[in-house]
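**Student:** Submitted below is the structure of interest, expressed as structure tokens.
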Amino acid sequence: MPSYQVFARKYRPQTFAEVIGQEHITRSLANAIAQGRLAQAYLLVGPRGTGKTSTARIIAKALNVPGGPKVDFDPNDEVCREIAEGRSLDVLEIDGASNNGVEQVRDLRDNVRFAPVRGNFKVYIIDEVHMLSQAAFNALLKTLEEPPAHVKFIFATTEAHKVPATVLSRCQRFDFRRIPDAAIAAHLAHICQKEGAQAEDAALQVIARYAEGGLRDAEVALDQVIGFFGQNVTEAAVLEMFGLIGRGPVIELARAIAAGDAGRVLEQGRGLAAAGKDLGKLAADLLGFFRDFALWQAAPATVEADLTPAEKAAFAELSQALTPRGVLALLEELAFLEGRLRYAVSKEVIFEVALLQLSQLREKVSLETLLHQLAGEGAPAVSVPAPASTASAAPAAPAPAANAPQAWAKAAARFAQERPLEASAIQTARFVTLRGDEVEIALPSNLKHKIAAFCAPRNLPLLEDTLRQEMGRPVKLVFLAGDPPTEAVAAPAAAAGPAKAAEPAEPAKLTDKEFLHDPQIKKALELFQARVVSAK
């Protein structure tokens, strides 16, 4: 009976054509070898399980195969089999983590002078090269810069930033990418066919997503599932084996969040927690789902190949309820949640509070706005318009004046759709009057801090652009703090007739006691755990 071999070794690529998901690297290397443009050292960089060591061995085969260097070699040749099995005298694989001292590198430097035993080159493959000590790197530099003609170095690492620049500058660097989920799932289907196993497409997609771009991790996971559940690989078996959540519950939770149904969001979130699902993993899955959704909204072609039919249908449905800016707001909340859950003690409490915030698109005040408020700069825009002279003010045309309240209503509706986090505030704003080319809008006194936000460069043009389109001419928005007078709302400026010039109102002054008890100030102090040193 032949000895059992794990999938990661049994299905390791043996030629450039068999390397999955790294065509940009294999094509470059194949062309260089075919043209005889051989570097003295190669540095292979990338995440774990993406093919770095396998590619290093393939390079060694191409260099040492009889009649080489050549790309179209026979992987069953005796020299290639020796390299694949790690018993070639001309290809030495060194683990940088366990052979990281200067003495080992000095031994290597002494041995490079000897000619290869059988092949054309003596190839040194150093895995996890970033683990070498600084003294070891220094001992290697001279040999690396001017190696004998028969010596080639191939370094592999997951952390290129830890490799000294003096070494990097002497190597040709190739960056390995995370392998797409679709390519991993197709490879797993090929393995199942070879092994006589029946696998559901959904099960292979779950494994591919679980591997996070690492082909070796996916092969190990498939090997484990088949070993435990037998030749029938189902989605339920994969989810049970690794404690995963699956895309279905994530899609349903995303639908509830988009609908703003707090009750359903909490019910589903608690149900998953009660089933023993890891909350950190659930937050990461939600983040990944909305990240894919954001990319799908902006550029569908970038993620189309990795989406299942269920995900495409869900995205089409969610796009009716969420704008791109709304999705970005959700991503911001989820990224913050994922970070908090890593170190939180009461994970369930934090998770449930975050779900409520997501379902309500709860408003967040930026640090910059709070600091402006504390410094007394909460309203950089004109809080009260300059007095208009009755002699020089030209009356507005009747048609645009009558249209102004409707134009503002449309501008506010569009703004609420484009800026969901500010929707509740903009909907409380009320049209006051039209003075020449200035549209006066009043905000409730408790939202006076929003004047700064609405007059920010990213918000004001959106409102004024809609007003310009509706009214047929450029206008300027002026926000007022305080409820609008009833008569001002009822009568547009064009119909009001000549009026006495309004005196500019003095800004409201707060006493020290009022300042310290202001809700916004208290909220800022609590958020930043600060105290008031002085107030002006």
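Chain lettering (A, B, ...) mirrors the order of the structure tokens, residue numbering begins at 1 for each chain separately, and ligand numbering begins at 1 in order of display.
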What's the 12 Å shell around stretch 172-174 of chain A, counting only C-alpha atoms, without same-chain residues fewer than 4 positions away, as a VMD selection string?
**Tutor:** chain A and resid 22 to 29 32 37 to 46 51 to 52 55 to 56 152 to 158 160 163 167 to 168
**Student:** Those selected residues, please, written with C-alpha atoms and delivered as a CSV table (one decimal), in the first residue's frame.
**Tutor:**
```
chain,number,residue,atom,x,y,z
A,22,GLN,CA,1.0,34.0,-10.4
A,23,GLU,CA,1.1,34.3,-14.2
A,24,HIS,CA,2.8,37.7,-14.0
A,25,ILE,CA,5.8,36.0,-12.3
A,26,THR,CA,5.9,32.7,-14.2
A,27,ARG,CA,5.8,34.5,-17.5
A,28,SER,CA,8.6,36.9,-16.6
A,29,LEU,CA,10.8,34.1,-15.3
A,32,ALA,CA,14.2,35.4,-18.9
A,37,ARG,CA,19.0,36.5,-18.9
A,38,LEU,CA,19.8,34.8,-15.6
A,39,ALA,CA,20.1,36.9,-12.4
A,40,GLN,CA,22.6,36.1,-9.7
A,41,ALA,CA,19.9,36.3,-7.0
A,42,TYR,CA,16.1,36.2,-6.9
A,43,LEU,CA,13.9,37.5,-4.1
A,44,LEU,CA,10.4,35.9,-3.9
A,45,VAL,CA,8.0,38.0,-1.7
A,46,GLY,CA,4.4,37.3,-0.8
A,51,GLY,CA,3.8,29.4,-4.3
A,52,LYS,CA,7.1,31.0,-3.4
A,55,THR,CA,8.5,28.5,-7.8
A,56,ALA,CA,12.1,28.5,-6.3
A,152,LYS,CA,22.5,31.2,-7.9
A,153,PHE,CA,20.6,32.4,-4.9
A,154,ILE,CA,16.9,32.3,-4.4
A,155,PHE,CA,15.4,33.9,-1.3
A,156,ALA,CA,11.8,33.6,-0.2
A,157,THR,CA,10.2,35.8,2.5
A,158,THR,CA,6.8,36.9,3.8
A,160,ALA,CA,10.4,41.9,2.7
A,163,VAL,CA,15.4,42.4,4.6
A,167,VAL,CA,20.5,42.7,0.1
A,168,LEU,CA,17.4,43.9,-1.7
```
**Student:** If I take atom CA of A:Glu438 and atom CA of A:Ser424, how far is one from the other in Å, to one decimal?
**Tutor:** 23.8 Å
**Student:** Using only C-alpha atoms, which residue out of A:Ala316, A:Ala208, A:Ala221, A:Ala189 lies closest to A:Arg255?
**Tutor:**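 Counting only C-alpha atoms, the residue closest to A:Arg255 is A:Ala316.
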**Student:** Could you please write out, as a list in words, every residue of stretch 331-363 of chain A that DSSP assigns to alpha helix (DSSP H)?
**Tutor:** Leu331, Glu332, Glu333, Leu334, Ala335, Phe336, Leu337, Glu338, Gly339, Arg340, Leu341, Arg342, Tyr343, Lys347, Glu348, Val349, Ile350, Phe351, Glu352, Val353, Ala354, Leu355, Leu356, Gln357, Leu358, Ser359 and Gln360 of chain A
**Student:** Write the residues you've just listed into a file as an mmCIF file, in the first residue's frame, and include N, CA and C atoms for each of them.
**Tutor:**
```
data_model
loop_
_atom_site.group_PDB
_atom_site.id
_atom_site.type_symbol
_atom_site.label_atom_id
_atom_site.label_comp_id
_atom_site.auth_asym_id
_atom_site.auth_seq_id
_atom_site.Cartn_x
_atom_site.Cartn_y
_atom_site.Cartn_z
ATOM 1 N N LEU A 331 -18.739 50.598 6.209
ATOM 2 C CA LEU A 331 -17.392 50.032 6.255
ATOM 3 C C LEU A 331 -16.566 50.661 7.367
ATOM 4 N N GLU A 332 -16.733 51.957 7.543
ATOM 5 C CA GLU A 332 -15.995 52.637 8.609
ATOM 6 C C GLU A 332 -16.388 52.086 9.975
ATOM 7 N N GLU A 333 -17.701 51.905 10.194
ATOM 8 C CA GLU A 333 -18.175 51.362 11.469
ATOM 9 C C GLU A 333 -17.673 49.932 11.682
ATOM 10 N N LEU A 334 -17.717 49.109 10.638
ATOM 11 C CA LEU A 334 -17.323 47.707 10.766
ATOM 12 C C LEU A 334 -15.826 47.567 10.990
ATOM 13 N N ALA A 335 -15.032 48.401 10.341
ATOM 14 C CA ALA A 335 -13.587 48.356 10.561
ATOM 15 C C ALA A 335 -13.262 48.713 12.006
ATOM 16 N N PHE A 336 -13.972 49.704 12.540
ATOM 17 C CA PHE A 336 -13.774 50.089 13.943
ATOM 18 C C PHE A 336 -14.203 48.952 14.868
ATOM 19 N N LEU A 337 -15.326 48.308 14.543
ATOM 20 C CA LEU A 337 -15.828 47.199 15.361
ATOM 21 C C LEU A 337 -14.842 46.043 15.370
ATOM 22 N N GLU A 338 -14.311 45.692 14.206
ATOM 23 C CA GLU A 338 -13.373 44.564 14.130
ATOM 24 C C GLU A 338 -12.153 44.801 15.013
ATOM 25 N N GLY A 339 -11.648 46.021 15.018
ATOM 26 C CA GLY A 339 -10.500 46.339 15.858
ATOM 27 C C GLY A 339 -10.820 46.254 17.346
ATOM 28 N N ARG A 340 -12.011 46.720 17.727
ATOM 29 C CA ARG A 340 -12.391 46.686 19.144
ATOM 30 C C ARG A 340 -12.594 45.263 19.634
ATOM 31 N N LEU A 341 -13.154 44.401 18.797
ATOM 32 C CA LEU A 341 -13.449 43.037 19.228
ATOM 33 C C LEU A 341 -12.187 42.227 19.506
ATOM 34 N N ARG A 342 -11.085 42.599 18.921
ATOM 35 C CA ARG A 342 -9.852 41.832 19.132
ATOM 36 C C ARG A 342 -9.400 41.864 20.588
ATOM 37 N N TYR A 343 -9.644 42.967 21.263
ATOM 38 C CA TYR A 343 -9.131 43.124 22.618
ATOM 39 C C TYR A 343 -10.240 43.310 23.653
ATOM 40 N N LYS A 347 -17.328 41.033 24.566
ATOM 41 C CA LYS A 347 -17.467 41.075 23.108
ATOM 42 C C LYS A 347 -18.933 41.161 22.679
ATOM 43 N N GLU A 348 -19.816 40.424 23.349
ATOM 44 C CA GLU A 348 -21.212 40.406 22.933
ATOM 45 C C GLU A 348 -21.861 41.775 23.106
ATOM 46 N N VAL A 349 -21.554 42.464 24.191
ATOM 47 C CA VAL A 349 -22.127 43.793 24.426
ATOM 48 C C VAL A 349 -21.677 44.760 23.334
ATOM 49 N N ILE A 350 -20.380 44.777 23.074
ATOM 50 C CA ILE A 350 -19.840 45.670 22.049
ATOM 51 C C ILE A 350 -20.438 45.337 20.679
ATOM 52 N N PHE A 351 -20.585 44.042 20.411
ATOM 53 C CA PHE A 351 -21.113 43.625 19.111
ATOM 54 C C PHE A 351 -22.572 44.064 18.948
ATOM 55 N N GLU A 352 -23.380 43.897 19.992
ATOM 56 C CA GLU A 352 -24.786 44.275 19.897
ATOM 57 C C GLU A 352 -24.953 45.785 19.759
ATOM 58 N N VAL A 353 -24.165 46.548 20.497
ATOM 59 C CA VAL A 353 -24.230 48.010 20.369
ATOM 60 C C VAL A 353 -23.851 48.437 18.949
ATOM 61 N N ALA A 354 -22.821 47.787 18.409
ATOM 62 C CA ALA A 354 -22.396 48.118 17.039
ATOM 63 C C ALA A 354 -23.492 47.773 16.033
ATOM 64 N N LEU A 355 -24.196 46.656 16.252
ATOM 65 C CA LEU A 355 -25.287 46.297 15.345
ATOM 66 C C LEU A 355 -26.389 47.348 15.367
ATOM 67 N N LEU A 356 -26.696 47.865 16.555
ATOM 68 C CA LEU A 356 -27.704 48.924 16.639
ATOM 69 C C LEU A 356 -27.247 50.176 15.897
ATOM 70 N N GLN A 357 -25.978 50.522 16.055
ATOM 71 C CA GLN A 357 -25.453 51.693 15.351
ATOM 72 C C GLN A 357 -25.518 51.495 13.844
ATOM 73 N N LEU A 358 -25.188 50.296 13.396
ATOM 74 C CA LEU A 358 -25.223 50.022 11.962
ATOM 75 C C LEU A 358 -26.648 50.096 11.431
ATOM 76 N N SER A 359 -27.594 49.541 12.173
ATOM 77 C CA SER A 359 -28.978 49.517 11.687
ATOM 78 C C SER A 359 -29.594 50.906 11.668
ATOM 79 N N GLN A 360 -29.129 51.789 12.536
ATOM 80 C CA GLN A 360 -29.680 53.143 12.600
ATOM 81 C C GLN A 360 -28.805 54.160 11.884
#
```
**Student:** Skipping near chain neighbours, those fewer than 3 positions away, what residues fall within 6 Å of stretch 470-475 of chain A using only C-alpha atoms, listed as a list in words?
**Tutor:**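 Listing them by chain and then by number gives Pro400, Ala407, Asp437, Glu438 and Leu467 of chain A.
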**Student:** Distance atom CA of A:Glu159-atom CA of A:Gln224, one decimal place?
**Tutor:**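 Separation of atom CA of A:Glu159 and atom CA of A:Gln224: 28.3 Å.
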**Student:** List as a count of residues only the protein and nucleic acid residues near A:Lys281, meaning an atom at most 12 Å away when only C-alpha atoms are counted, but skip any in the same chain fewer than 2 places from it.
**Tutor:** 27
**Student:** Taking the backbone alone, and naming residues the way the document does, which bits of stretch 114-185 of chain A are strand (DSSP E) by DSSP, as a list of chain:residue names?
**Tutor:** A:Lys122, A:Val123, A:Tyr124, A:Ile125, A:Ile126, A:Asp127, A:Val151, A:Lys152, A:Phe153, A:Ile154, A:Phe155, A:Ala156, A:Thr157, A:Gln172, A:Arg173, A:Phe174, A:Asp175
**Student:** How would the residues just chosen look if you wrote them out with N, CA and C atoms as a compact mmCIF listing (two decimals), in the first residue's frame?
**Tutor:**
```
# COMPACT_ATOMS: atom_id res chain seq x y z
N LYS A 122 24.87 25.48 -8.95
CA LYS A 122 24.60 25.19 -7.55
C LYS A 122 23.63 26.27 -7.07
N VAL A 123 22.45 25.84 -6.64
CA VAL A 123 21.37 26.76 -6.29
C VAL A 123 21.13 26.70 -4.79
N TYR A 124 21.15 27.86 -4.15
CA TYR A 124 20.87 27.97 -2.72
C TYR A 124 19.50 28.63 -2.54
N ILE A 125 18.57 27.88 -1.97
CA ILE A 125 17.22 28.41 -1.68
C ILE A 125 17.14 28.67 -0.18
N ILE A 126 16.99 29.92 0.20
CA ILE A 126 16.90 30.28 1.62
C ILE A 126 15.48 30.77 1.90
N ASP A 127 14.74 29.96 2.62
CA ASP A 127 13.35 30.31 2.97
C ASP A 127 13.34 31.18 4.22
N VAL A 151 26.87 29.70 -9.32
CA VAL A 151 26.04 29.80 -8.11
C VAL A 151 24.88 30.77 -8.35
N LYS A 152 23.70 30.33 -7.92
CA LYS A 152 22.50 31.18 -7.95
C LYS A 152 21.84 31.15 -6.57
N PHE A 153 21.37 32.30 -6.13
CA PHE A 153 20.65 32.40 -4.86
C PHE A 153 19.17 32.69 -5.13
N ILE A 154 18.31 32.00 -4.39
CA ILE A 154 16.87 32.27 -4.44
C ILE A 154 16.38 32.44 -3.00
N PHE A 155 15.91 33.64 -2.68
CA PHE A 155 15.42 33.94 -1.33
C PHE A 155 13.89 34.02 -1.36
N ALA A 156 13.27 33.53 -0.31
CA ALA A 156 11.82 33.62 -0.15
C ALA A 156 11.51 34.22 1.20
N THR A 157 10.51 35.11 1.25
CA THR A 157 10.15 35.77 2.50
C THR A 157 8.72 36.26 2.47
N GLN A 172 16.79 40.37 -7.93
CA GLN A 172 15.60 40.64 -8.73
C GLN A 172 14.39 40.23 -7.89
N ARG A 173 13.49 41.16 -7.67
CA ARG A 173 12.36 40.91 -6.77
C ARG A 173 11.10 40.56 -7.54
N PHE A 174 10.36 39.56 -7.04
CA PHE A 174 9.08 39.16 -7.61
C PHE A 174 8.05 39.08 -6.48
N ASP A 175 6.97 39.83 -6.63
CA ASP A 175 5.95 39.89 -5.58
C ASP A 175 4.78 38.97 -5.93
```
**Student:** Fewer than 4 positions away in the same chain doesn't count, so skip those; otherwise give me all residues within 12 Å of stretch 202-207 of chain A, counting only C-alpha atoms, as a PyMOL selection string.
**Tutor:** chain A and resi 180-192+197-198+211-226+232-248+285+305-311
**Student:** Tell me, as a PDB file with N, CA and C atoms, in the first residue's frame, which residues lie within 12 Å of stretch 100-115 of chain A, counting only C-alpha atoms; anything in the same chain fewer than 3 positions away does not count.
**Tutor:**
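Dumped to selection.pdb:
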```pdb
ATOM      1  N   LEU A  89      22.042  17.193  -4.724  1.00  0.00           N
ATOM      2  CA  LEU A  89      23.267  17.725  -4.132  1.00  0.00           C
ATOM      3  C   LEU A  89      23.588  19.131  -4.637  1.00  0.00           C
ATOM      4  N   ASP A  90      22.950  19.505  -5.733  1.00  0.00           N
ATOM      5  CA  ASP A  90      23.227  20.821  -6.324  1.00  0.00           C
ATOM      6  C   ASP A  90      22.213  21.888  -5.918  1.00  0.00           C
ATOM      7  N   VAL A  91      21.129  21.478  -5.286  1.00  0.00           N
ATOM      8  CA  VAL A  91      20.108  22.432  -4.835  1.00  0.00           C
ATOM      9  C   VAL A  91      19.969  22.287  -3.330  1.00  0.00           C
ATOM     10  N   LEU A  92      20.399  23.281  -2.597  1.00  0.00           N
ATOM     11  CA  LEU A  92      20.392  23.230  -1.140  1.00  0.00           C
ATOM     12  C   LEU A  92      19.326  24.185  -0.600  1.00  0.00           C
ATOM     13  N   GLU A  93      18.360  23.626   0.124  1.00  0.00           N
ATOM     14  CA  GLU A  93      17.305  24.425   0.740  1.00  0.00           C
ATOM     15  C   GLU A  93      17.663  24.671   2.201  1.00  0.00           C
ATOM     16  N   ILE A  94      17.671  25.932   2.586  1.00  0.00           N
ATOM     17  CA  ILE A  94      18.070  26.330   3.934  1.00  0.00           C
ATOM     18  C   ILE A  94      16.915  27.085   4.578  1.00  0.00           C
ATOM     19  N   ASP A  95      16.586  26.694   5.814  1.00  0.00           N
ATOM     20  CA  ASP A  95      15.553  27.400   6.578  1.00  0.00           C
ATOM     21  C   ASP A  95      16.199  28.578   7.298  1.00  0.00           C
ATOM     22  N   GLY A  96      15.836  29.787   6.882  1.00  0.00           N
ATOM     23  CA  GLY A  96      16.436  30.970   7.485  1.00  0.00           C
ATOM     24  C   GLY A  96      16.097  31.152   8.949  1.00  0.00           C
ATOM     25  N   ALA A  97      14.970  30.544   9.402  1.00  0.00           N
ATOM     26  CA  ALA A  97      14.580  30.701  10.797  1.00  0.00           C
ATOM     27  C   ALA A  97      15.478  29.911  11.735  1.00  0.00           C
ATOM     28  N   ARG A 118      26.261  17.604 -10.481  1.00  0.00           N
ATOM     29  CA  ARG A 118      25.599  16.999 -11.643  1.00  0.00           C
ATOM     30  C   ARG A 118      25.010  18.039 -12.596  1.00  0.00           C
ATOM     31  N   GLY A 119      24.439  19.094 -12.066  1.00  0.00           N
ATOM     32  CA  GLY A 119      23.765  20.060 -12.920  1.00  0.00           C
ATOM     33  C   GLY A 119      24.671  21.173 -13.392  1.00  0.00           C
ATOM     34  N   ASN A 120      24.038  22.217 -13.928  1.00  0.00           N
ATOM     35  CA  ASN A 120      24.773  23.370 -14.446  1.00  0.00           C
ATOM     36  C   ASN A 120      25.099  24.394 -13.358  1.00  0.00           C
ATOM     37  N   PHE A 121      24.267  24.431 -12.328  1.00  0.00           N
ATOM     38  CA  PHE A 121      24.407  25.452 -11.294  1.00  0.00           C
ATOM     39  C   PHE A 121      24.244  24.836  -9.905  1.00  0.00           C
ATOM     40  N   LYS A 122      24.868  25.483  -8.948  1.00  0.00           N
ATOM     41  CA  LYS A 122      24.602  25.187  -7.547  1.00  0.00           C
ATOM     42  C   LYS A 122      23.631  26.265  -7.067  1.00  0.00           C
ATOM     43  N   VAL A 123      22.452  25.840  -6.643  1.00  0.00           N
ATOM     44  CA  VAL A 123      21.369  26.757  -6.293  1.00  0.00           C
ATOM     45  C   VAL A 123      21.131  26.701  -4.786  1.00  0.00           C
ATOM     46  N   TYR A 124      21.154  27.864  -4.146  1.00  0.00           N
ATOM     47  CA  TYR A 124      20.869  27.968  -2.719  1.00  0.00           C
ATOM     48  C   TYR A 124      19.499  28.633  -2.543  1.00  0.00           C
ATOM     49  N   ILE A 125      18.567  27.883  -1.974  1.00  0.00           N
ATOM     50  CA  ILE A 125      17.225  28.405  -1.680  1.00  0.00           C
ATOM     51  C   ILE A 125      17.142  28.665  -0.184  1.00  0.00           C
ATOM     52  N   ILE A 126      16.990  29.917   0.203  1.00  0.00           N
ATOM     53  CA  ILE A 126      16.899  30.281   1.622  1.00  0.00           C
ATOM     54  C   ILE A 126      15.480  30.774   1.899  1.00  0.00           C
ATOM     55  N   ASP A 127      14.736  29.960   2.622  1.00  0.00           N
ATOM     56  CA  ASP A 127      13.354  30.306   2.967  1.00  0.00           C
ATOM     57  C   ASP A 127      13.340  31.178   4.225  1.00  0.00           C
ATOM     58  N   GLU A 128      12.339  32.071   4.304  1.00  0.00           N
ATOM     59  CA  GLU A 128      12.224  33.011   5.428  1.00  0.00           C
ATOM     60  C   GLU A 128      13.555  33.736   5.657  1.00  0.00           C
ATOM     61  N   VAL A 129      14.077  34.300   4.588  1.00  0.00           N
ATOM     62  CA  VAL A 129      15.399  34.920   4.643  1.00  0.00           C
ATOM     63  C   VAL A 129      15.446  36.104   5.600  1.00  0.00           C
ATOM     64  N   HIS A 130      14.291  36.704   5.863  1.00  0.00           N
ATOM     65  CA  HIS A 130      14.270  37.866   6.772  1.00  0.00           C
ATOM     66  C   HIS A 130      14.644  37.497   8.202  1.00  0.00           C
ATOM     67  N   MET A 131      14.687  36.190   8.506  1.00  0.00           N
ATOM     68  CA  MET A 131      15.033  35.750   9.856  1.00  0.00           C
ATOM     69  C   MET A 131      16.545  35.718  10.100  1.00  0.00           C
ATOM     70  N   LEU A 132      17.340  35.902   9.069  1.00  0.00           N
ATOM     71  CA  LEU A 132      18.792  35.929   9.267  1.00  0.00           C
ATOM     72  C   LEU A 132      19.177  37.119  10.144  1.00  0.00           C
ATOM     73  N   SER A 133      20.195  36.938  10.929  1.00  0.00           N
ATOM     74  CA  SER A 133      20.683  38.023  11.776  1.00  0.00           C
ATOM     75  C   SER A 133      21.417  39.061  10.921  1.00  0.00           C
ATOM     76  N   GLN A 134      21.609  40.240  11.505  1.00  0.00           N
ATOM     77  CA  GLN A 134      22.318  41.293  10.780  1.00  0.00           C
ATOM     78  C   GLN A 134      23.742  40.859  10.443  1.00  0.00           C
ATOM     79  N   ALA A 135      24.389  40.164  11.372  1.00  0.00           N
ATOM     80  CA  ALA A 135      25.749  39.679  11.109  1.00  0.00           C
ATOM     81  C   ALA A 135      25.758  38.663   9.974  1.00  0.00           C
ATOM     82  N   ALA A 136      24.708  37.823   9.908  1.00  0.00           N
ATOM     83  CA  ALA A 136      24.630  36.833   8.828  1.00  0.00           C
ATOM     84  C   ALA A 136      24.437  37.525   7.478  1.00  0.00           C
ATOM     85  N   PHE A 137      23.594  38.550   7.446  1.00  0.00           N
ATOM     86  CA  PHE A 137      23.415  39.303   6.197  1.00  0.00           C
ATOM     87  C   PHE A 137      24.733  39.949   5.771  1.00  0.00           C
ATOM     88  N   ASN A 138      25.450  40.519   6.716  1.00  0.00           N
ATOM     89  CA  ASN A 138      26.719  41.151   6.385  1.00  0.00           C
ATOM     90  C   ASN A 138      27.717  40.151   5.828  1.00  0.00           C
ATOM     91  N   ALA A 139      27.718  38.929   6.395  1.00  0.00           N
ATOM     92  CA  ALA A 139      28.631  37.897   5.910  1.00  0.00           C
ATOM     93  C   ALA A 139      28.267  37.435   4.507  1.00  0.00           C
ATOM     94  N   LEU A 140      26.983  37.586   4.149  1.00  0.00           N
ATOM     95  CA  LEU A 140      26.507  37.113   2.844  1.00  0.00           C
ATOM     96  C   LEU A 140      26.698  38.137   1.731  1.00  0.00           C
ATOM     97  N   LEU A 141      26.871  39.401   2.092  1.00  0.00           N
ATOM     98  CA  LEU A 141      26.811  40.471   1.100  1.00  0.00           C
ATOM     99  C   LEU A 141      27.836  40.323  -0.018  1.00  0.00           C
ATOM    100  N   LYS A 142      29.106  40.088   0.334  1.00  0.00           N
ATOM    101  CA  LYS A 142      30.156  40.040  -0.681  1.00  0.00           C
ATOM    102  C   LYS A 142      29.922  38.899  -1.661  1.00  0.00           C
ATOM    103  N   THR A 143      29.549  37.726  -1.126  1.00  0.00           N
ATOM    104  CA  THR A 143      29.273  36.575  -2.000  1.00  0.00           C
ATOM    105  C   THR A 143      28.061  36.846  -2.873  1.00  0.00           C
ATOM    106  N   LEU A 144      27.058  37.528  -2.298  1.00  0.00           N
ATOM    107  CA  LEU A 144      25.838  37.814  -3.047  1.00  0.00           C
ATOM    108  C   LEU A 144      26.088  38.804  -4.179  1.00  0.00           C
ATOM    109  N   GLU A 146      29.079  39.316  -5.822  1.00  0.00           N
ATOM    110  CA  GLU A 146      29.941  38.738  -6.862  1.00  0.00           C
ATOM    111  C   GLU A 146      30.066  37.223  -6.650  1.00  0.00           C
ATOM    112  N   PRO A 147      28.977  36.489  -6.860  1.00  0.00           N
ATOM    113  CA  PRO A 147      29.052  35.043  -6.671  1.00  0.00           C
ATOM    114  C   PRO A 147      29.785  34.384  -7.831  1.00  0.00           C
ATOM    115  N   PRO A 148      30.294  33.164  -7.634  1.00  0.00           N
ATOM    116  CA  PRO A 148      30.877  32.416  -8.755  1.00  0.00           C
ATOM    117  C   PRO A 148      29.835  32.210  -9.850  1.00  0.00           C
ATOM    118  N   ALA A 149      30.282  32.005 -11.054  1.00  0.00           N
ATOM    119  CA  ALA A 149      29.363  31.897 -12.197  1.00  0.00           C
ATOM    120  C   ALA A 149      28.410  30.722 -12.071  1.00  0.00           C
ATOM    121  N   HIS A 150      28.794  29.713 -11.301  1.00  0.00           N
ATOM    122  CA  HIS A 150      27.962  28.514 -11.207  1.00  0.00           C
ATOM    123  C   HIS A 150      27.000  28.557 -10.010  1.00  0.00           C
ATOM    124  N   VAL A 151      26.872  29.700  -9.318  1.00  0.00           N
ATOM    125  CA  VAL A 151      26.036  29.803  -8.110  1.00  0.00           C
ATOM    126  C   VAL A 151      24.875  30.767  -8.349  1.00  0.00           C
ATOM    127  N   LYS A 152      23.698  30.330  -7.918  1.00  0.00           N
ATOM    128  CA  LYS A 152      22.499  31.179  -7.949  1.00  0.00           C
ATOM    129  C   LYS A 152      21.838  31.145  -6.572  1.00  0.00           C
ATOM    130  N   PHE A 153      21.366  32.301  -6.132  1.00  0.00           N
ATOM    131  CA  PHE A 153      20.647  32.401  -4.861  1.00  0.00           C
ATOM    132  C   PHE A 153      19.173  32.687  -5.130  1.00  0.00           C
TER     133      PHE A 153
END
```
**Student:** So, with only C-alpha atoms as the atoms that count, which of A:Lys61, A:Arg270, A:Arg419, A:Arg291 lies closest to A:Thr323?
**Tutor:**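 Between A:Lys61, A:Arg270, A:Arg419, A:Arg291, the residue approaching A:Thr323 most closely is A:Arg419.
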**Student:** Can you work out which one of A:Lys10, A:Arg170, A:Arg178, A:Lys162 has the shortest atom-to-atom distance to A:Pro47, counting only C-alpha atoms?
**Tutor:**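 That would be A:Arg178, the residue with the smallest distance to A:Pro47.
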**Student:** Of the candidates A:Ala329, A:Thr428, A:Arg264, A:Asn459, which one gets nearest to A:Asn446 if we count only C-alpha atoms?
**Tutor:** A:Thr428
**Student:** Of the candidates A:Arg57, A:Arg435, A:Arg430, A:Arg48, which shows the shortest atom-to-atom distance to A:Pro13, using only C-alpha atoms?
**Tutor:**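 Result for the nearest residue to A:Pro13: A:Arg57.
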**Student:** Tell me, in Å to one decimal, how far atom CA of A:Cys80 is from atom CA of A:Ile58.
**Tutor:** 8.5 Å
